[in-house]
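Q: One file is attached below, start-v2.cif, containing mmCIF, C-alpha atoms.
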```
data_start
loop_
_atom_site.label_atom_id
_atom_site.label_comp_id
_atom_site.auth_asym_id
_atom_site.auth_seq_id
_atom_site.Cartn_x
_atom_site.Cartn_y
_atom_site.Cartn_z
CA MET A 1 -21.81 2.07 -4.06
CA LEU A 2 -19.95 1.84 -0.76
CA GLY A 3 -18.96 -1.74 -1.44
CA LYS A 4 -17.68 -0.82 -4.89
CA MET A 5 -15.60 2.02 -3.48
CA LEU A 6 -14.13 -0.28 -0.86
CA ILE A 7 -13.22 -2.83 -3.53
CA HIS A 8 -11.67 -0.10 -5.72
CA GLY A 9 -9.60 1.08 -2.77
CA LEU A 10 -8.44 -2.43 -1.95
CA VAL A 11 -7.50 -3.09 -5.59
CA ALA A 12 -5.53 0.17 -5.64
CA ALA A 13 -3.88 -0.82 -2.37
CA ALA A 14 -2.88 -4.15 -3.88
CA ILE A 15 -1.40 -2.45 -6.96
CA ILE A 16 0.47 0.20 -4.96
CA GLY A 17 1.59 -2.40 -2.43
CA SER A 18 2.96 -4.63 -5.18
CA ALA A 19 4.77 -1.73 -6.80
CA ALA A 20 6.13 -0.68 -3.41
CA ALA A 21 7.31 -4.22 -2.72
CA VAL A 22 9.12 -4.34 -6.09
CA TYR A 23 10.67 -0.94 -5.38
CA ALA A 24 11.76 -2.00 -1.89
CA GLN A 25 13.24 -5.25 -3.19
CA ALA A 26 15.17 -3.44 -5.91
CA LYS A 27 16.37 -0.79 -3.50
CA ASP A 28 17.45 -3.24 -0.81
CA ASN A 29 19.35 -5.35 -3.33
CA GLY A 30 21.10 -2.26 -4.61
CA TYR A 31 19.69 -2.34 -8.14
CA LEU A 32 18.51 1.23 -7.89
CA LYS A 33 21.86 2.64 -6.74
CA PRO A 34 24.25 3.49 -9.58
CA GLU A 35 27.19 3.73 -7.19
CA ALA A 36 26.42 0.22 -5.93
CA VAL A 37 26.48 -1.11 -9.50
CA GLN A 38 29.78 0.65 -10.12
CA ALA A 39 31.23 -0.68 -6.90
CA ARG A 40 30.12 -4.19 -7.81
CA SER A 41 31.62 -4.01 -11.30
CA ALA A 42 34.85 -2.61 -9.87
CA GLN A 43 34.93 -5.34 -7.26
CA ALA A 44 34.48 -8.21 -9.74
CA PRO A 45 37.86 -7.91 -11.56
CA ALA A 46 39.66 -7.54 -8.25
CA GLN A 47 38.12 -10.80 -7.06
CA THR A 48 39.05 -12.53 -10.33
CA ASN A 49 42.62 -11.36 -10.00
CA ALA A 50 42.79 -12.68 -6.46
CA VAL A 51 41.55 -16.09 -7.62
CA GLU A 52 44.02 -16.12 -10.48
CA ARG A 53 46.84 -15.29 -8.15
CA ALA A 54 45.77 -18.08 -5.79
CA GLN A 55 45.62 -20.62 -8.61
CA GLY A 56 48.87 -19.50 -10.11
CA GLY A 57 47.32 -17.94 -13.17
CA ALA A 58 45.45 -21.09 -14.13
CA ALA A 59 42.11 -19.29 -14.05
CA ALA A 60 43.16 -16.69 -16.58
CA ASP A 61 41.24 -18.33 -19.39
CA ASP A 62 38.46 -19.65 -17.13
CA ARG A 63 35.23 -17.93 -18.13
CA GLY A 64 32.93 -20.41 -16.49
CA TYR A 65 32.81 -22.94 -19.34
CA ILE A 66 33.77 -26.59 -18.99
CA VAL A 67 37.23 -27.03 -20.37
CA ASP A 68 39.02 -30.27 -21.27
CA ARG A 69 42.12 -29.91 -19.15
CA ASP A 70 43.92 -32.87 -20.82
CA GLN A 71 43.77 -31.05 -24.12
CA ASN A 72 45.84 -28.25 -22.66
CA ARG A 73 48.30 -30.46 -20.91
CA GLY A 74 51.86 -29.85 -21.96
CA LYS A 75 54.38 -32.32 -23.25
CA LYS A 76 56.23 -32.36 -19.96
CA SER A 77 53.29 -33.57 -17.93
CA GLU A 78 52.52 -36.21 -20.57
CA HIS A 79 55.99 -37.52 -20.18
CA ARG A 80 55.62 -37.59 -16.41
CA HIS A 81 52.44 -39.66 -16.74
CA GLU A 82 54.16 -42.09 -19.03
CA GLY A 83 57.06 -42.52 -16.65
CA ARG A 84 54.76 -43.13 -13.68
CA ARG A 85 52.91 -45.78 -15.64
CA HIS A 86 56.12 -47.55 -16.37
CA HIS A 87 57.07 -47.37 -12.76
CA ASP A 88 53.78 -48.99 -11.72
CA ASP A 89 54.36 -51.78 -14.21
CA ASP A 90 57.68 -52.48 -12.60
CA ASP A 91 56.06 -52.92 -9.24
CA ASP A 92 53.76 -55.57 -10.57
CA MET B 12 -14.96 16.37 -20.62
CA SER B 13 -18.28 14.79 -19.72
CA PRO B 14 -19.40 14.81 -16.08
CA LYS B 15 -19.52 11.02 -16.11
CA PHE B 16 -15.86 10.85 -17.11
CA GLN B 17 -15.02 13.39 -14.44
CA HIS B 18 -16.77 11.22 -11.86
CA THR B 19 -14.80 8.20 -13.09
CA LEU B 20 -11.56 10.16 -12.73
CA LEU B 21 -12.61 11.16 -9.25
CA LYS B 22 -13.26 7.52 -8.32
CA VAL B 23 -9.87 6.47 -9.68
CA TRP B 24 -8.23 9.25 -7.71
CA HIS B 25 -10.15 8.27 -4.57
CA ALA B 26 -8.96 4.67 -4.92
CA TRP B 27 -5.39 5.89 -5.51
CA VAL B 28 -5.35 7.99 -2.34
CA GLY B 29 -7.15 5.39 -0.24
CA GLY B 30 -4.98 2.52 -1.40
CA GLY B 31 -1.79 4.51 -1.06
CA PHE B 32 -2.68 5.65 2.44
CA LEU B 33 -3.59 2.12 3.48
CA VAL B 34 -0.27 0.73 2.24
CA ALA B 35 1.67 3.62 3.78
CA TYR B 36 -0.06 3.15 7.14
CA LEU B 37 0.43 -0.62 7.19
CA THR B 38 4.12 -0.39 6.22
CA ALA B 39 5.07 2.28 8.74
CA ASP B 40 7.33 -0.23 10.49
CA GLU B 41 11.10 0.11 10.12
CA ASP B 42 11.37 -3.27 8.38
CA THR B 43 9.21 -2.07 5.50
CA TYR B 44 10.51 1.47 5.34
CA SER B 45 11.13 1.45 1.56
CA MET B 46 7.54 0.37 0.89
CA HIS B 47 6.33 3.07 3.28
CA VAL B 48 8.30 5.71 1.42
CA PHE B 49 7.01 4.52 -1.96
CA ALA B 50 3.37 4.51 -0.80
CA GLY B 51 3.80 7.88 0.90
CA TYR B 52 5.11 9.45 -2.29
CA ALA B 53 2.20 7.87 -4.16
CA VAL B 54 -0.20 9.63 -1.78
CA LEU B 55 1.68 12.92 -2.07
CA ALA B 56 1.61 12.67 -5.86
CA ALA B 57 -2.14 11.99 -5.74
CA ILE B 58 -2.75 15.09 -3.62
CA VAL B 59 -0.63 17.28 -5.90
CA VAL B 60 -2.36 15.89 -9.02
CA ARG B 61 -5.77 16.54 -7.42
CA LEU B 62 -4.89 20.14 -6.64
CA LEU B 63 -3.54 20.73 -10.14
CA ILE B 64 -6.62 19.18 -11.76
CA ALA B 65 -8.90 21.22 -9.51
CA MET B 66 -7.23 24.40 -10.71
CA ALA B 67 -7.75 23.45 -14.35
CA ALA B 68 -11.21 21.90 -13.96
CA PRO B 69 -14.29 23.75 -15.18
CA SER B 70 -16.31 25.53 -12.53
CA ALA B 71 -19.28 23.67 -11.05
CA GLY B 72 -17.78 20.36 -12.21
CA PRO B 73 -17.15 17.44 -9.87
CA LEU B 74 -13.38 17.83 -10.22
CA ARG B 75 -13.49 21.32 -8.76
CA LEU B 76 -12.50 21.46 -5.10
CA PRO B 77 -15.50 21.78 -2.76
CA ARG B 78 -15.79 24.98 -0.76
CA PRO B 79 -17.25 24.44 2.67
CA SER B 80 -19.22 27.31 4.18
CA TRP B 81 -21.14 27.85 7.40
CA ARG B 82 -23.95 29.49 5.49
CA ALA B 83 -24.50 26.39 3.34
CA LEU B 84 -24.53 24.30 6.51
CA ALA B 85 -27.12 26.57 8.13
CA GLU B 86 -29.28 26.53 5.00
CA TRP B 87 -29.14 22.77 4.80
CA LEU B 88 -30.09 22.45 8.46
CA ALA B 89 -33.13 24.63 7.80
CA VAL B 90 -34.54 22.51 4.96
CA ARG B 91 -32.60 19.23 5.36
CA LYS B 92 -32.68 18.58 1.64
CA GLY B 93 -30.00 18.33 -1.02
CA ARG B 94 -26.37 17.32 -0.72
CA HIS B 95 -25.12 17.26 2.83
CA PRO B 96 -22.65 20.16 3.40
CA LEU B 97 -20.48 17.95 5.59
CA PHE B 98 -19.25 16.24 2.41
CA ALA B 99 -17.40 19.42 1.48
CA TRP B 100 -16.05 19.86 5.01
CA PHE B 101 -14.79 16.30 5.09
CA ALA B 102 -13.21 16.59 1.62
CA VAL B 103 -11.24 19.68 2.58
CA ALA B 104 -10.28 18.27 5.98
CA LEU B 105 -9.09 15.02 4.41
CA LEU B 106 -7.13 16.77 1.67
CA ALA B 107 -5.47 18.99 4.26
CA VAL B 108 -4.63 16.34 6.81
CA VAL B 109 -3.57 13.60 4.36
CA GLY B 110 -1.60 16.12 2.32
CA LEU B 111 0.12 17.36 5.47
CA ALA B 112 0.94 13.80 6.53
CA ALA B 113 2.42 12.98 3.12
CA ALA B 114 4.34 16.24 2.83
CA SER B 115 5.76 16.01 6.36
CA GLY B 116 6.79 12.41 5.66
CA ALA B 117 8.60 13.45 2.49
CA LEU B 118 10.33 16.29 4.32
CA ALA B 119 11.21 14.06 7.28
CA ASP B 120 13.87 12.42 5.11
CA SER B 121 15.79 15.70 5.14
CA PHE B 122 14.58 17.20 8.41
CA THR B 123 14.55 14.46 11.02
CA TRP B 124 12.79 16.62 13.60
CA LEU B 125 9.68 16.27 11.41
CA GLU B 126 9.38 12.54 12.13
CA ASP B 127 7.32 12.95 15.30
CA PRO B 128 4.95 15.57 13.81
CA HIS B 129 4.59 13.29 10.78
CA GLU B 130 3.50 10.39 12.98
CA ALA B 131 1.10 12.58 14.92
CA ILE B 132 -0.48 14.00 11.75
CA ALA B 133 -0.76 10.49 10.27
CA GLU B 134 -2.57 9.25 13.38
CA ALA B 135 -4.88 12.25 13.30
CA SER B 136 -5.59 11.71 9.62
CA LEU B 137 -6.55 8.11 10.36
CA TRP B 138 -9.28 9.34 12.71
CA VAL B 139 -10.50 11.86 10.15
CA ILE B 140 -10.68 9.01 7.63
CA PHE B 141 -12.64 6.86 10.09
CA ALA B 142 -15.05 9.74 10.64
CA HIS B 143 -15.39 10.18 6.86
CA ILE B 144 -16.15 6.46 6.41
CA ALA B 145 -18.69 6.53 9.24
CA PHE B 146 -20.38 9.62 7.81
CA VAL B 147 -20.58 8.23 4.27
CA THR B 148 -21.80 4.86 5.56
CA PHE B 149 -24.52 6.60 7.54
CA ILE B 150 -25.56 8.81 4.63
CA TYR B 151 -25.79 5.98 2.09
CA GLY B 152 -26.51 2.91 4.17
CA GLY B 153 -27.31 4.04 7.69
CA LYS B 154 -30.43 6.00 6.76
CA ARG B 155 -31.92 2.91 5.12
CA LEU B 156 -30.99 0.78 8.11
CA TRP B 157 -32.43 3.33 10.51
CA GLY B 158 -35.64 3.41 8.42
CA ARG B 159 -35.95 -0.36 8.70
CA ILE B 160 -35.45 -0.25 12.46
CA ALA B 161 -38.02 2.54 12.77
CA ALA B 162 -40.51 0.55 10.66
CA ARG B 163 -40.07 -2.52 12.87
CA LEU B 164 -40.51 -0.43 15.97
CA SER B 165 -43.68 1.17 14.63
CA GLN B 166 -45.16 -2.28 13.83
CA PHE B 167 -44.58 -3.44 17.36
CA ARG B 168 -47.57 -2.68 19.62
CA PRO B 169 -47.30 -3.42 23.30
CA SER B 170 -51.10 -4.03 23.57
CA GLN B 171 -50.78 -7.06 21.29
CA PHE B 172 -48.25 -8.64 23.54
CA ARG B 173 -49.96 -11.23 25.78
CA PRO B 174 -47.66 -13.17 28.07
CA SER B 175 -50.16 -16.05 28.29
CA GLN B 176 -49.50 -16.89 24.66
CA TYR B 177 -45.94 -17.74 25.45
CA ARG B 178 -45.75 -21.04 27.27
CA PRO B 179 -42.46 -22.47 28.40
CA ALA B 180 -41.04 -25.14 26.12
CA VAL B 181 -39.90 -27.27 29.05
CA PRO B 182 -42.77 -29.07 30.78
CA ALA B 183 -43.39 -28.27 34.40
CA LYS B 184 -41.72 -30.58 36.89
CA GLU B 185 -43.81 -33.09 38.71
CA PRO B 186 -44.52 -32.23 42.33
CA LEU B 187 -42.36 -33.95 44.88
CA ARG B 188 -43.99 -36.85 46.66
#
```
Let's see the structure in the file written out as structure tokens.
A:
Amino acid sequence: MLGKMLIHGLVAAAIIGSAAAVYAQAKDNGYLKPEAVQARSAQAPAQTNAVERAQGGAAADDRGYIVDRDQNRGKKSEHRHEGRRHHDDDDD
Amino acid sequence: MSPKFQHTLLKVWHAWVGGGFLVAYLTADEDTYSMHVFAGYAVLAAIVVRLLIAMAAPSAGPLRLPRPSWRALAEWLAVRKGRHPLFAWFAVALLAVVGLAAASGALADSFTWLEDPHEAIAEASLWVIFAHIAFVTFIYGGKRLWGRIAARLSQFRPSQFRPSQYRPAVPAKEPLR
């Protein structure tokens, strides 16, 4: 009987300890604070804007997907490439 | 509610309090403060649930809170039969001291001056718990162990003990020449 009670107590301790660990992890990471979530969501666009400003607005359509940059290249840059190629040919 | 089910509920509750207290005591360090708070609230909830159930439980059932009395203790000492009255004393003492420790811990979040009393009560409750474990171990296991020791002692008769029967295992050394 004593052994059973000890085992029951230890099992309960394991369950409560696990739940407490999950709670502590969530609390320390800020998942349980609504103001922290709000602050994080408010901070995210500000960071994106800063990146966009640094890259000259190039990251405006960047949503994390791989994008074929050549497809978006304008006519002007194409022309520049062509001219450079011709220039290299002259050197040879 | 059958008495067997009530006993099962009581065992579950006992495991809840014991496990919660163990986790709360082991996580009392500052690094694991969140776990300590969680386990402490689990213990406080268990105490509150126990008190509420005791109020609603039928009289003379196992879920009813025990009422310790000096008269019951004196009567038991006279006949030494039946349930030991110290069970009731320990139950009430444990409920009081563990409940106080949990409640003072919960209040210490708001009233910081309660932190030291909370620690002192928690330490005191640990000793009450040790005493409770020792008492229960003696009642359920210690009596049997003591009976075995007494039986061995009663079998042992000093008159049967003859030192000449016991010879040394190492042979005697040869005399020096």
Q: Go through the shown structure with the PyMOL selection byres ((chain B and resi 27) around 9) and write out the matching residues as a CSV table (one decimal) with C-alpha atoms, keeping the file's coordinate frame.
A:
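And here's out.csv as it stands now:
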```
chain,number,residue,atom,x,y,z
A,8,HIS,CA,-11.7,-0.1,-5.7
A,9,GLY,CA,-9.6,1.1,-2.8
A,12,ALA,CA,-5.5,0.2,-5.6
A,13,ALA,CA,-3.9,-0.8,-2.4
A,16,ILE,CA,0.5,0.2,-5.0
B,22,LYS,CA,-13.3,7.5,-8.3
B,23,VAL,CA,-9.9,6.5,-9.7
B,24,TRP,CA,-8.2,9.2,-7.7
B,25,HIS,CA,-10.2,8.3,-4.6
B,26,ALA,CA,-9.0,4.7,-4.9
B,28,VAL,CA,-5.4,8.0,-2.3
B,29,GLY,CA,-7.2,5.4,-0.2
B,30,GLY,CA,-5.0,2.5,-1.4
B,31,GLY,CA,-1.8,4.5,-1.1
B,32,PHE,CA,-2.7,5.6,2.4
B,53,ALA,CA,2.2,7.9,-4.2
B,54,VAL,CA,-0.2,9.6,-1.8
B,57,ALA,CA,-2.1,12.0,-5.7
```
Q: Pick out the closest residue to Gly51 in chain B from this set: B:Ala71, B:Leu156, B:Ala102, B:Ala119. Count only C-alpha atoms.
A: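 Nearest candidate to Gly51 in chain B out of B:Ala71, B:Leu156, B:Ala102, B:Ala119: B:Ala119.
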Q: Evaluate the PyMOL selection byres ((chain A) within 9 of (chain B)) here and jot the selected residues down as an MDAnalysis selection string.
A: chainID A and resid 1:2 5:17 19:25 27:28
Q: Excluding Leu97 in chain B and its own-chain neighbours fewer than 3 positions away, which residues fall within 10 Å of it when counting only C-alpha atoms? Please give them as a list in words.
A: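 Surrounding residues, per the criterion: Pro79, Ser80, Ala83, Leu84, Trp87, Arg94, Trp100, Phe101, Ala102, Val103, His143, Phe146 and Val147 of chain B.
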Q: Set the distance at 8 Å and use all atoms listed in the file: which residues neighbour range 115-118 of chain B once local chain neighbours fewer than 4 positions away are removed? I'd like the list as a VMD selection string.
A: chain B and resid 48 51 to 52 111 122 125 to 126 128 to 129
Q: Tell me, in Å to one decimal, how far CA of Gly72 in chain B is from CA of Leu20 in chain B.
A: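 Pair CA of Gly72 in chain B / CA of Leu20 in chain B returns 12.0 Å.
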Q: So how far away is CA of Ala114 in chain B from CA of Lys4 in chain A, in Å?
A: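 Going from CA of Lys4 in chain A over to CA of Ala114 in chain B covers 28.9 Å.
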Q: So which residues touch Gly110 in chain B within 9 Å, counting all atoms listed in the file, skipping near sequence neighbours fewer than 3 positions away, as a count of residues only?
A: 10
Q: So how many Å separate CA of Pro73 in chain B and CA of Ser13 in chain B, to one decimal?
A: 10.3 Å
Q: I'd like the contact shell of Ser136 in chain B - 7 Å cut-off, all atoms listed in the file, skipping same-chain residues fewer than 4 positions apart - returned as an MDAnalysis selection string.
A: chainID B and resid 108:109 132 140
Q: Draw an axis-aligned box over all listed atoms of range 127-140 of chain B, pad each side with 4 Å, and write its centre and edge lengths in Å, one decimal, as JSON.
A:
```
{"center_x": -1.7, "center_y": 11.8, "center_z": 11.5, "size_x": 26.0, "size_y": 15.5, "size_z": 15.7}
```
